[in-house]
$ cat protein32.pdb   # PDB, C-alpha atoms
ATOM      1  CA  MET A   9      -6.295  10.999   3.608  1.00  0.00           C
ATOM      2  CA  ASP A  10      -9.546  11.361   1.706  1.00  0.00           C
ATOM      3  CA  ILE A  11     -11.036  11.763  -1.742  1.00  0.00           C
ATOM      4  CA  PRO A  12     -12.251  15.242  -2.813  1.00  0.00           C
ATOM      5  CA  ARG A  13     -15.154  16.264  -0.614  1.00  0.00           C
ATOM      6  CA  ILE A  14     -17.522  16.750  -3.543  1.00  0.00           C
ATOM      7  CA  PHE A  15     -17.562  12.978  -4.111  1.00  0.00           C
ATOM      8  CA  ASN A  16     -18.241  12.295  -0.447  1.00  0.00           C
ATOM      9  CA  ILE A  17     -21.233  14.608  -0.782  1.00  0.00           C
ATOM     10  CA  THR A  18     -22.676  13.552  -4.138  1.00  0.00           C
ATOM     11  CA  GLU A  19     -22.167   9.806  -3.651  1.00  0.00           C
ATOM     12  CA  SER A  20     -22.856   9.572   0.075  1.00  0.00           C
ATOM     13  CA  ALA A  21     -26.080   7.628  -0.543  1.00  0.00           C
ATOM     14  CA  HIS A  22     -24.541   5.271  -3.134  1.00  0.00           C
ATOM     15  CA  ARG A  23     -23.858   1.651  -2.319  1.00  0.00           C
ATOM     16  CA  ILE A  24     -22.110   1.162  -5.676  1.00  0.00           C
ATOM     17  CA  HIS A  25     -19.819   3.963  -6.850  1.00  0.00           C
ATOM     18  CA  ASN A  26     -19.834   2.913 -10.497  1.00  0.00           C
ATOM     19  CA  PRO A  27     -22.491   2.743 -13.234  1.00  0.00           C
ATOM     20  CA  ILE A  28     -23.367  -0.884 -12.522  1.00  0.00           C
ATOM     21  CA  THR A  29     -26.552  -2.067 -10.834  1.00  0.00           C
ATOM     22  CA  ALA A  30     -26.853  -4.557  -8.001  1.00  0.00           C
ATOM     23  CA  ASP A  31     -28.212  -7.099 -10.483  1.00  0.00           C
ATOM     24  CA  LYS A  32     -25.188  -6.652 -12.752  1.00  0.00           C
ATOM     25  CA  LEU A  33     -22.857  -6.959  -9.768  1.00  0.00           C
ATOM     26  CA  ALA A  34     -24.574 -10.222  -8.856  1.00  0.00           C
ATOM     27  CA  THR A  35     -24.265 -11.396 -12.468  1.00  0.00           C
ATOM     28  CA  LEU A  36     -20.528 -10.698 -12.333  1.00  0.00           C
ATOM     29  CA  GLY A  37     -20.123 -12.589  -9.075  1.00  0.00           C
ATOM     30  CA  ALA A  38     -21.886 -15.644 -10.498  1.00  0.00           C
ATOM     31  CA  ALA A  39     -19.987 -15.449 -13.796  1.00  0.00           C
ATOM     32  CA  LEU A  40     -16.607 -15.704 -12.060  1.00  0.00           C
ATOM     33  CA  ARG A  41     -17.464 -19.163 -10.628  1.00  0.00           C
ATOM     34  CA  MET A  42     -15.789 -18.441  -7.305  1.00  0.00           C
ATOM     35  CA  ALA A  43     -15.540 -21.330  -4.867  1.00  0.00           C
ATOM     36  CA  PRO A  44     -16.237 -20.766  -1.155  1.00  0.00           C
ATOM     37  CA  GLY A  45     -13.144 -19.343   0.494  1.00  0.00           C
ATOM     38  CA  THR A  46     -11.943 -17.514  -2.642  1.00  0.00           C
ATOM     39  CA  ARG A  47      -9.659 -14.685  -1.509  1.00  0.00           C
ATOM     40  CA  VAL A  48     -10.424 -11.300  -3.069  1.00  0.00           C
ATOM     41  CA  LEU A  49      -8.516  -8.019  -2.865  1.00  0.00           C
ATOM     42  CA  ASP A  50     -10.428  -4.903  -3.938  1.00  0.00           C
ATOM     43  CA  LEU A  51      -8.379  -1.736  -4.446  1.00  0.00           C
ATOM     44  CA  GLY A  52     -10.679   1.293  -4.351  1.00  0.00           C
ATOM     45  CA  SER A  53     -13.444  -0.658  -2.639  1.00  0.00           C
ATOM     46  CA  GLY A  54     -15.808   2.269  -2.040  1.00  0.00           C
ATOM     47  CA  SER A  55     -18.726   1.361   0.187  1.00  0.00           C
ATOM     48  CA  GLY A  56     -17.928  -2.332  -0.055  1.00  0.00           C
ATOM     49  CA  GLU A  57     -20.971  -3.621  -1.910  1.00  0.00           C
ATOM     50  CA  MET A  58     -19.015  -5.988  -4.150  1.00  0.00           C
ATOM     51  CA  LEU A  59     -17.097  -7.723  -1.367  1.00  0.00           C
ATOM     52  CA  CYS A  60     -20.036  -7.778   1.043  1.00  0.00           C
ATOM     53  CA  THR A  61     -22.586  -9.238  -1.347  1.00  0.00           C
ATOM     54  CA  TRP A  62     -20.112 -11.752  -2.759  1.00  0.00           C
ATOM     55  CA  ALA A  63     -19.232 -12.810   0.794  1.00  0.00           C
ATOM     56  CA  ARG A  64     -22.933 -13.383   1.437  1.00  0.00           C
ATOM     57  CA  ASP A  65     -23.727 -15.054  -1.893  1.00  0.00           C
ATOM     58  CA  HIS A  66     -20.491 -16.940  -2.672  1.00  0.00           C
ATOM     59  CA  GLN A  67     -18.762 -17.200   0.722  1.00  0.00           C
ATOM     60  CA  ILE A  68     -15.647 -15.401  -0.472  1.00  0.00           C
ATOM     61  CA  VAL A  69     -13.252 -13.745   1.959  1.00  0.00           C
ATOM     62  CA  GLY A  70     -11.647 -10.447   1.163  1.00  0.00           C
ATOM     63  CA  THR A  71     -10.071  -7.106   1.917  1.00  0.00           C
ATOM     64  CA  GLY A  72     -10.996  -3.704   0.544  1.00  0.00           C
ATOM     65  CA  ILE A  73      -8.834  -0.568   0.579  1.00  0.00           C
ATOM     66  CA  ASP A  74     -10.294   2.903   0.018  1.00  0.00           C
ATOM     67  CA  MET A  75      -9.162   6.487   0.572  1.00  0.00           C
ATOM     68  CA  SER A  76     -12.564   7.739   1.749  1.00  0.00           C
ATOM     69  CA  PRO A  77     -13.158   7.433   5.504  1.00  0.00           C
ATOM     70  CA  LEU A  78     -16.900   7.834   4.854  1.00  0.00           C
ATOM     71  CA  PHE A  79     -17.067   5.033   2.281  1.00  0.00           C
ATOM     72  CA  THR A  80     -14.858   2.774   4.416  1.00  0.00           C
ATOM     73  CA  GLU A  81     -17.180   3.262   7.379  1.00  0.00           C
ATOM     74  CA  GLN A  82     -20.192   2.548   5.177  1.00  0.00           C
ATOM     75  CA  ALA A  83     -18.506  -0.646   3.958  1.00  0.00           C
ATOM     76  CA  GLN A  84     -17.893  -1.798   7.514  1.00  0.00           C
ATOM     77  CA  GLN A  85     -21.526  -1.101   8.384  1.00  0.00           C
ATOM     78  CA  ARG A  86     -22.693  -2.999   5.297  1.00  0.00           C
ATOM     79  CA  ALA A  87     -20.603  -6.015   6.284  1.00  0.00           C
ATOM     80  CA  GLN A  88     -22.223  -5.977   9.704  1.00  0.00           C
ATOM     81  CA  ALA A  89     -25.712  -5.617   8.232  1.00  0.00           C
ATOM     82  CA  LEU A  90     -25.210  -8.593   5.896  1.00  0.00           C
ATOM     83  CA  GLY A  91     -23.611 -10.726   8.604  1.00  0.00           C
ATOM     84  CA  VAL A  92     -20.275 -11.064   6.782  1.00  0.00           C
ATOM     85  CA  ALA A  93     -17.986  -8.957   8.968  1.00  0.00           C
ATOM     86  CA  HIS A  94     -16.015 -12.112   9.830  1.00  0.00           C
ATOM     87  CA  GLN A  95     -15.337 -12.693   6.113  1.00  0.00           C
ATOM     88  CA  VAL A  96     -14.392  -9.230   4.844  1.00  0.00           C
ATOM     89  CA  ARG A  97     -12.467  -6.305   6.224  1.00  0.00           C
ATOM     90  CA  PHE A  98     -12.208  -2.742   5.004  1.00  0.00           C
ATOM     91  CA  ILE A  99      -9.177  -0.527   5.498  1.00  0.00           C
ATOM     92  CA  HIS A 100      -9.010   3.237   5.132  1.00  0.00           C
ATOM     93  CA  GLY A 101      -5.840   3.769   3.140  1.00  0.00           C
ATOM     94  CA  ASP A 102      -4.195   4.573  -0.160  1.00  0.00           C
ATOM     95  CA  ALA A 103      -4.809   1.735  -2.605  1.00  0.00           C
ATOM     96  CA  ALA A 104      -2.032   2.997  -4.884  1.00  0.00           C
ATOM     97  CA  GLY A 105       0.925   0.718  -4.246  1.00  0.00           C
ATOM     98  CA  HIS A 106      -0.978  -1.598  -1.900  1.00  0.00           C
ATOM     99  CA  VAL A 107       0.142  -5.237  -2.075  1.00  0.00           C
ATOM    100  CA  ALA A 108      -1.565  -8.052  -0.183  1.00  0.00           C
ATOM    101  CA  ASP A 109       0.362  -9.813   2.575  1.00  0.00           C
ATOM    102  CA  GLU A 110      -0.464 -13.168   0.969  1.00  0.00           C
ATOM    103  CA  PRO A 111      -1.368 -13.928  -2.667  1.00  0.00           C
ATOM    104  CA  VAL A 112      -5.073 -13.705  -3.484  1.00  0.00           C
ATOM    105  CA  ASP A 113      -7.259 -15.556  -5.961  1.00  0.00           C
ATOM    106  CA  VAL A 114      -8.933 -12.442  -7.375  1.00  0.00           C
ATOM    107  CA  ALA A 115      -7.354  -8.966  -7.438  1.00  0.00           C
ATOM    108  CA  ALA A 116      -9.729  -6.170  -8.433  1.00  0.00           C
ATOM    109  CA  CYS A 117      -9.689  -2.495  -9.240  1.00  0.00           C
ATOM    110  CA  VAL A 118     -13.198  -1.640 -10.356  1.00  0.00           C
ATOM    111  CA  GLY A 119     -13.393   1.943 -11.544  1.00  0.00           C
ATOM    112  CA  ALA A 120     -10.215   3.379 -10.037  1.00  0.00           C
ATOM    113  CA  THR A 121      -7.389   2.595 -12.461  1.00  0.00           C
ATOM    114  CA  TRP A 122      -5.975   6.039 -11.789  1.00  0.00           C
ATOM    115  CA  ILE A 123      -4.299   4.391  -8.763  1.00  0.00           C
ATOM    116  CA  GLY A 124      -1.834   2.736 -11.138  1.00  0.00           C
ATOM    117  CA  GLY A 125      -1.626   5.567 -13.637  1.00  0.00           C
ATOM    118  CA  GLY A 126      -3.977   3.789 -16.027  1.00  0.00           C
ATOM    119  CA  VAL A 127      -4.938   0.259 -17.015  1.00  0.00           C
ATOM    120  CA  ALA A 128      -1.422  -1.066 -17.677  1.00  0.00           C
ATOM    121  CA  GLY A 129      -0.022   0.247 -14.403  1.00  0.00           C
ATOM    122  CA  THR A 130      -3.022  -0.989 -12.433  1.00  0.00           C
ATOM    123  CA  ILE A 131      -2.730  -4.480 -13.922  1.00  0.00           C
ATOM    124  CA  ALA A 132       0.952  -4.503 -12.941  1.00  0.00           C
ATOM    125  CA  LEU A 133       0.035  -3.418  -9.403  1.00  0.00           C
ATOM    126  CA  LEU A 134      -2.724  -6.009  -9.014  1.00  0.00           C
ATOM    127  CA  LYS A 135      -0.473  -8.818 -10.260  1.00  0.00           C
ATOM    128  CA  ARG A 136       1.838  -8.209  -7.307  1.00  0.00           C
ATOM    129  CA  SER A 137      -0.951  -9.513  -5.057  1.00  0.00           C
ATOM    130  CA  LEU A 138      -2.238 -12.290  -7.319  1.00  0.00           C
ATOM    131  CA  ARG A 139      -1.436 -15.992  -7.037  1.00  0.00           C
ATOM    132  CA  ASP A 140      -0.308 -17.858 -10.128  1.00  0.00           C
ATOM    133  CA  GLY A 141      -3.390 -18.686 -12.188  1.00  0.00           C
ATOM    134  CA  GLY A 142      -5.493 -16.085 -10.396  1.00  0.00           C
ATOM    135  CA  MET A 143      -7.883 -13.607 -11.955  1.00  0.00           C
ATOM    136  CA  LEU A 144      -7.790  -9.830 -12.331  1.00  0.00           C
ATOM    137  CA  LEU A 145     -10.860  -7.600 -12.427  1.00  0.00           C
ATOM    138  CA  ILE A 146     -10.592  -4.215 -14.110  1.00  0.00           C
ATOM    139  CA  GLY A 147     -13.502  -1.757 -14.225  1.00  0.00           C
ATOM    140  CA  GLU A 148     -12.939   0.807 -16.949  1.00  0.00           C
ATOM    141  CA  PRO A 149     -14.812   3.285 -19.187  1.00  0.00           C
ATOM    142  CA  PHE A 150     -14.816   2.980 -22.965  1.00  0.00           C
ATOM    143  CA  TRP A 151     -16.393   4.909 -25.810  1.00  0.00           C
ATOM    144  CA  ARG A 152     -19.744   3.499 -26.901  1.00  0.00           C
ATOM    145  CA  GLN A 153     -19.330   5.757 -29.893  1.00  0.00           C
ATOM    146  CA  LEU A 154     -16.376   7.994 -30.605  1.00  0.00           C
ATOM    147  CA  PRO A 155     -17.028  11.622 -29.703  1.00  0.00           C
ATOM    148  CA  PRO A 156     -16.671  13.882 -32.726  1.00  0.00           C
ATOM    149  CA  SER A 157     -14.370  16.275 -30.874  1.00  0.00           C
ATOM    150  CA  ASP A 158     -12.413  16.775 -27.693  1.00  0.00           C
ATOM    151  CA  ALA A 159     -15.089  19.249 -26.611  1.00  0.00           C
ATOM    152  CA  VAL A 160     -17.674  16.485 -26.634  1.00  0.00           C
ATOM    153  CA  ALA A 161     -15.253  14.209 -24.777  1.00  0.00           C
ATOM    154  CA  GLN A 162     -14.895  16.928 -22.165  1.00  0.00           C
ATOM    155  CA  GLY A 163     -18.667  16.931 -21.837  1.00  0.00           C
ATOM    156  CA  CYS A 164     -18.226  13.301 -20.773  1.00  0.00           C
ATOM    157  CA  GLN A 165     -15.761  14.532 -18.117  1.00  0.00           C
ATOM    158  CA  ALA A 166     -12.744  13.264 -20.044  1.00  0.00           C
ATOM    159  CA  HIS A 167      -9.898  15.536 -21.106  1.00  0.00           C
ATOM    160  CA  ALA A 168      -9.807  14.373 -24.710  1.00  0.00           C
ATOM    161  CA  VAL A 169     -11.083  11.640 -27.032  1.00  0.00           C
ATOM    162  CA  SER A 170      -7.741   9.890 -26.523  1.00  0.00           C
ATOM    163  CA  ASP A 171      -8.482   9.326 -22.823  1.00  0.00           C
ATOM    164  CA  PHE A 172     -10.555   6.200 -23.540  1.00  0.00           C
ATOM    165  CA  LEU A 173     -10.662   3.425 -26.120  1.00  0.00           C
ATOM    166  CA  THR A 174     -13.610   1.864 -27.898  1.00  0.00           C
ATOM    167  CA  LEU A 175     -14.706  -1.497 -26.537  1.00  0.00           C
ATOM    168  CA  PRO A 176     -12.902  -3.520 -29.257  1.00  0.00           C
ATOM    169  CA  GLN A 177      -9.761  -1.450 -28.710  1.00  0.00           C
ATOM    170  CA  LEU A 178      -9.949  -1.932 -24.938  1.00  0.00           C
ATOM    171  CA  LEU A 179     -10.327  -5.700 -25.287  1.00  0.00           C
ATOM    172  CA  ALA A 180      -7.406  -5.768 -27.719  1.00  0.00           C
ATOM    173  CA  SER A 181      -5.298  -3.764 -25.280  1.00  0.00           C
ATOM    174  CA  PHE A 182      -5.723  -6.438 -22.617  1.00  0.00           C
ATOM    175  CA  ALA A 183      -4.369  -9.010 -25.080  1.00  0.00           C
ATOM    176  CA  GLU A 184      -1.432  -6.726 -25.864  1.00  0.00           C
ATOM    177  CA  LEU A 185      -0.681  -6.687 -22.128  1.00  0.00           C
ATOM    178  CA  GLY A 186      -0.463 -10.481 -22.130  1.00  0.00           C
ATOM    179  CA  HIS A 187      -3.895 -11.355 -20.748  1.00  0.00           C
ATOM    180  CA  ASP A 188      -6.891 -13.337 -21.918  1.00  0.00           C
ATOM    181  CA  VAL A 189     -10.270 -11.708 -21.382  1.00  0.00           C
ATOM    182  CA  VAL A 190     -12.279 -14.502 -19.736  1.00  0.00           C
ATOM    183  CA  GLU A 191     -15.460 -12.609 -18.751  1.00  0.00           C
ATOM    184  CA  MET A 192     -17.027  -9.191 -18.935  1.00  0.00           C
ATOM    185  CA  VAL A 193     -20.143  -7.514 -17.590  1.00  0.00           C
ATOM    186  CA  LEU A 194     -21.040  -4.183 -19.166  1.00  0.00           C
ATOM    187  CA  ALA A 195     -23.090  -1.375 -17.703  1.00  0.00           C
ATOM    188  CA  ASP A 196     -26.242  -0.403 -19.557  1.00  0.00           C
ATOM    189  CA  GLN A 197     -28.036   2.924 -19.627  1.00  0.00           C
ATOM    190  CA  ASP A 198     -30.112   1.977 -16.594  1.00  0.00           C
ATOM    191  CA  GLY A 199     -26.895   1.444 -14.680  1.00  0.00           C
ATOM    192  CA  TRP A 200     -25.611   4.827 -15.776  1.00  0.00           C
ATOM    193  CA  ASP A 201     -28.919   6.435 -14.793  1.00  0.00           C
ATOM    194  CA  ARG A 202     -28.813   4.869 -11.336  1.00  0.00           C
ATOM    195  CA  TYR A 203     -25.239   5.997 -10.790  1.00  0.00           C
ATOM    196  CA  GLU A 204     -25.622   9.548 -12.089  1.00  0.00           C
ATOM    197  CA  ALA A 205     -29.249  10.445 -11.380  1.00  0.00           C
ATOM    198  CA  ALA A 206     -29.069   9.178  -7.794  1.00  0.00           C
ATOM    199  CA  LYS A 207     -26.579  11.965  -7.109  1.00  0.00           C
ATOM    200  CA  TRP A 208     -29.155  14.634  -7.880  1.00  0.00           C
ATOM    201  CA  LEU A 209     -31.515  13.831  -5.021  1.00  0.00           C
ATOM    202  CA  THR A 210     -28.529  13.438  -2.698  1.00  0.00           C
ATOM    203  CA  MET A 211     -27.305  16.908  -3.679  1.00  0.00           C
ATOM    204  CA  ARG A 212     -30.739  18.449  -3.205  1.00  0.00           C
ATOM    205  CA  ARG A 213     -31.159  16.906   0.230  1.00  0.00           C
ATOM    206  CA  TRP A 214     -27.627  17.951   1.198  1.00  0.00           C
ATOM    207  CA  LEU A 215     -28.293  21.546   0.122  1.00  0.00           C
ATOM    208  CA  GLU A 216     -31.467  21.651   2.181  1.00  0.00           C
ATOM    209  CA  ALA A 217     -29.545  20.452   5.233  1.00  0.00           C
ATOM    210  CA  ASN A 218     -26.383  22.537   4.672  1.00  0.00           C
ATOM    211  CA  PRO A 219     -27.361  25.887   3.106  1.00  0.00           C
ATOM    212  CA  GLY A 220     -24.448  27.766   4.657  1.00  0.00           C
ATOM    213  CA  ASP A 221     -21.726  25.242   3.930  1.00  0.00           C
ATOM    214  CA  ASP A 222     -18.647  26.410   2.003  1.00  0.00           C
ATOM    215  CA  MET A 223     -19.413  23.772  -0.638  1.00  0.00           C
ATOM    216  CA  ALA A 224     -23.041  24.845  -1.120  1.00  0.00           C
ATOM    217  CA  ALA A 225     -22.398  26.978  -4.199  1.00  0.00           C
ATOM    218  CA  GLU A 226     -20.438  24.213  -5.940  1.00  0.00           C
ATOM    219  CA  VAL A 227     -23.076  21.607  -5.121  1.00  0.00           C
ATOM    220  CA  ARG A 228     -25.854  23.935  -6.306  1.00  0.00           C
ATOM    221  CA  ALA A 229     -23.984  24.528  -9.575  1.00  0.00           C
ATOM    222  CA  GLN A 230     -23.593  20.782 -10.137  1.00  0.00           C
ATOM    223  CA  LEU A 231     -27.243  20.110  -9.374  1.00  0.00           C
ATOM    224  CA  HIS A 232     -28.175  22.766 -11.934  1.00  0.00           C
ATOM    225  CA  SER A 233     -25.875  21.553 -14.706  1.00  0.00           C
ATOM    226  CA  GLU A 234     -25.458  17.807 -14.265  1.00  0.00           C
ATOM    227  CA  PRO A 235     -28.800  16.450 -15.558  1.00  0.00           C
ATOM    228  CA  VAL A 236     -28.448  18.150 -18.947  1.00  0.00           C
ATOM    229  CA  ARG A 237     -24.690  17.479 -19.197  1.00  0.00           C
ATOM    230  CA  TYR A 238     -25.183  13.801 -18.411  1.00  0.00           C
ATOM    231  CA  ALA A 239     -28.091  13.335 -20.832  1.00  0.00           C
ATOM    232  CA  THR A 240     -26.277  15.201 -23.607  1.00  0.00           C
ATOM    233  CA  TYR A 241     -22.872  13.597 -23.328  1.00  0.00           C
ATOM    234  CA  THR A 242     -22.115  10.741 -20.914  1.00  0.00           C
ATOM    235  CA  ARG A 243     -25.333   8.819 -21.504  1.00  0.00           C
ATOM    236  CA  GLU A 244     -24.830   8.858 -25.263  1.00  0.00           C
ATOM    237  CA  TYR A 245     -21.097   8.351 -25.649  1.00  0.00           C
ATOM    238  CA  LEU A 246     -19.566   6.630 -22.627  1.00  0.00           C
ATOM    239  CA  GLY A 247     -19.711   2.942 -21.753  1.00  0.00           C
ATOM    240  CA  TRP A 248     -18.311   1.126 -18.751  1.00  0.00           C
ATOM    241  CA  GLY A 249     -17.591  -2.456 -17.884  1.00  0.00           C
ATOM    242  CA  VAL A 250     -15.831  -4.905 -15.605  1.00  0.00           C
ATOM    243  CA  PHE A 251     -13.396  -7.216 -17.369  1.00  0.00           C
ATOM    244  CA  ALA A 252     -11.982 -10.459 -15.943  1.00  0.00           C
ATOM    245  CA  LEU A 253      -8.443 -11.197 -17.090  1.00  0.00           C
ATOM    246  CA  MET A 254      -6.029 -14.109 -16.730  1.00  0.00           C
ATOM    247  CA  ALA A 255      -2.350 -13.976 -17.649  1.00  0.00           C
ATOM    248  CA  ARG A 256      -1.279 -16.099 -20.599  1.00  0.00           C
TER     249      ARG A 256
END
$ encode --input "protein32.pdb" --output "structure tokens"
Amino acid sequence: MDIPRIFNITESAHRIHNPITADKLATLGAALRMAPGTRVLDLGSGSGEMLCTWARDHQIVGTGIDMSPLFTEQAQQRAQALGVAHQVRFIHGDAAGHVADEPVDVAACVGATWIGGGVAGTIALLKRSLRDGGMLLIGEPFWRQLPPSDAVAQGCQAHAVSDFLTLPQLLASFAELGHDVVEMVLADQDGWDRYEAAKWLTMRRWLEANPGDDMAAEVRAQLHSEPVRYATYTREYLGWGVFALMAR
């Protein structure tokens, strides 16, 4: 069980696998007002930066599930490095359908709502692990400005304009699903730059170390095309944020 290898290559040096900076992640942790001992479940936990830093800064306890063996190992190493391995654990597994053994205070899916077939399905999945009165965290893209065509949306690596909502539409959709939006932290262009541009040096270094690899041609093609594609499309049109929700 693993994610496509291209992501393990391009994001192997990332601590955060979303367009949010460490400062923004810290802002989110503080904004949620979590008491020591808050139990957090993170579906699609990546390299574990959210759980590990919140364990250090807010004394939460938690579990992360991710399909990537590489990212899971990195998360375990990060927990050791920050001295929080007794507070958080990371499991290599399929987050789709995962339900906690005991109800948690915060159930999160930050940037991987495909595990539930979209936002509505992911909220339904997370609620199966959430205690009454608990909080959901959803990380999701939105259109900063509507693309003029599906072709432009595809330049943002969507299939069509209909794939994402504008920010007001996304917030309204949470209400339609029976939830109050109680906090949000939005990525800015610096966050997008750090997420996307950091891949380019990783790809270049990987190509230098693996010139004969079967993936070398694909990685070389991405390194050639991604800077211009990103600057032309994603950076201009696509937003991203983490939204804290509580059921009404």
$ closest_residue --input "protein32.pdb" --among "A:Leu49, A:Ala63, A:Ala239, A:Val114" --to "Ile99 (chain A)" --atoms "only C-alpha atoms"
A:Leu49
$ atom_distance --input "protein32.pdb" --atom1 "CA of Gly247 (chain A)" --atom2 "CA of Ala180 (chain A)"
16.2 Å
$ residues_around --input "protein32.pdb" --residues "Glu57 (chain A)" --least-positions-apart "6" --cutoff "12 Å" --atoms "all atoms listed in the file" --output "number ranges by chain"
A: 22-26, 28-31, 33-34, 37, 50, 63-65, 70, 72, 79-80, 82-90, 92, 96, 98, 118
$ resolve_selection --input "protein32.pdb" --expression "the PyMOL selection byres ((chain A and resi 215) around 12)" --output "list of chain:residue names"
A:Ile17, A:Thr18, A:Trp208, A:Leu209, A:Thr210, A:Met211, A:Arg212, A:Arg213, A:Trp214, A:Glu216, A:Ala217, A:Asn218, A:Pro219, A:Gly220, A:Asp221, A:Asp222, A:Met223, A:Ala224, A:Ala225, A:Glu226, A:Val227, A:Arg228, A:Ala229, A:Gln230, A:Leu231
$ resolve_selection --input "protein32.pdb" --expression "the PyMOL selection byres ((chain A and resi 115) around 8)" --output "ChimeraX atom specification"
/A:48-51,112-114,116-117,134-135,137-138,142-145
$ residues_around --input "protein32.pdb" --residues "region 39-45 of chain A" --least-positions-apart "4" --cutoff "7 Å" --atoms "all atoms listed in the file" --output "number ranges by chain"
A: 35, 66-69
$ residues_around --input "protein32.pdb" --residues "Thr174 (chain A)" --least-positions-apart "4" --cutoff "10 Å" --atoms "all atoms listed in the file" --output "PyMOL selection string"
chain A and resi 149-154+178-180+246-247
$ write_last_selection --input "protein32.pdb" --atoms "C-alpha atoms" --output "tab-separated table (two decimals), in the coordinates of the input"
chain	number	residue	atom	x	y	z
A	149	PRO	CA	-14.81	3.28	-19.19
A	150	PHE	CA	-14.82	2.98	-22.96
A	151	TRP	CA	-16.39	4.91	-25.81
A	152	ARG	CA	-19.74	3.50	-26.90
A	153	GLN	CA	-19.33	5.76	-29.89
A	154	LEU	CA	-16.38	7.99	-30.60
A	178	LEU	CA	-9.95	-1.93	-24.94
A	179	LEU	CA	-10.33	-5.70	-25.29
A	180	ALA	CA	-7.41	-5.77	-27.72
A	246	LEU	CA	-19.57	6.63	-22.63
A	247	GLY	CA	-19.71	2.94	-21.75
$ closest_residue --input "protein32.pdb" --among "A:Cys164, A:Ala93, A:Leu253, A:Val189" --to "Glu234 (chain A)" --atoms "all atoms listed in the file"
A:Cys164
$ closest_residue --input "protein32.pdb" --among "A:Ile146, A:Ala183, A:Ala161, A:Ala103" --to "Tyr245 (chain A)" --atoms "all atoms listed in the file"
A:Ala161
$ atom_distance --input "protein32.pdb" --atom1 "CA of Val160 (chain A)" --atom2 "CA of Lys32 (chain A)"
28.0 Å
$ axis_aligned_box --input "protein32.pdb" --around "region 113-119 of chain A" --padding-each-side "4 Å" --output "JSON"
{"center_x": -10.3, "center_y": -6.8, "center_z": -8.8, "size_x": 14.1, "size_y": 25.5, "size_z": 13.6}
$ build_atoms --input "protein32.pdb" --residues "region 75-79 of chain A" --atoms "all heavy atoms" --output "short mmCIF file (atom, residue, chain, number, x, y, z; two decimals), in the frame of the given file"
data_model
loop_
_atom_site.label_atom_id
_atom_site.label_comp_id
_atom_site.auth_asym_id
_atom_site.auth_seq_id
_atom_site.Cartn_x
_atom_site.Cartn_y
_atom_site.Cartn_z
N MET A 75 -9.65 5.24 0.00
CA MET A 75 -9.16 6.49 0.57
C MET A 75 -10.23 7.26 1.34
O MET A 75 -9.89 8.16 2.11
CB MET A 75 -8.61 7.39 -0.53
CG MET A 75 -7.29 6.96 -1.11
SD MET A 75 -6.69 8.15 -2.35
CE MET A 75 -6.38 9.59 -1.31
N SER A 76 -11.49 6.97 1.12
CA SER A 76 -12.56 7.74 1.75
C SER A 76 -12.91 7.17 3.12
O SER A 76 -13.39 6.03 3.20
CB SER A 76 -13.81 7.74 0.86
OG SER A 76 -14.93 8.26 1.57
N PRO A 77 -12.72 7.93 4.19
CA PRO A 77 -13.16 7.43 5.50
C PRO A 77 -14.66 7.17 5.54
O PRO A 77 -15.11 6.19 6.17
CB PRO A 77 -12.77 8.57 6.46
CG PRO A 77 -11.70 9.32 5.76
CD PRO A 77 -12.03 9.23 4.30
N LEU A 78 -15.45 8.02 4.87
CA LEU A 78 -16.90 7.83 4.85
C LEU A 78 -17.26 6.51 4.19
O LEU A 78 -18.03 5.71 4.74
CB LEU A 78 -17.57 8.98 4.11
CG LEU A 78 -19.08 8.82 3.84
CD1 LEU A 78 -19.85 8.75 5.15
CD2 LEU A 78 -19.59 9.93 2.95
N PHE A 79 -16.73 6.26 3.00
CA PHE A 79 -17.07 5.03 2.28
C PHE A 79 -16.56 3.80 3.03
O PHE A 79 -17.23 2.77 3.06
CB PHE A 79 -16.50 5.07 0.87
CG PHE A 79 -17.05 6.16 -0.01
CD1 PHE A 79 -16.41 6.52 -1.18
CD2 PHE A 79 -18.22 6.84 0.33
CE1 PHE A 79 -16.90 7.51 -2.00
CE2 PHE A 79 -18.73 7.85 -0.48
CZ PHE A 79 -18.06 8.19 -1.64
#
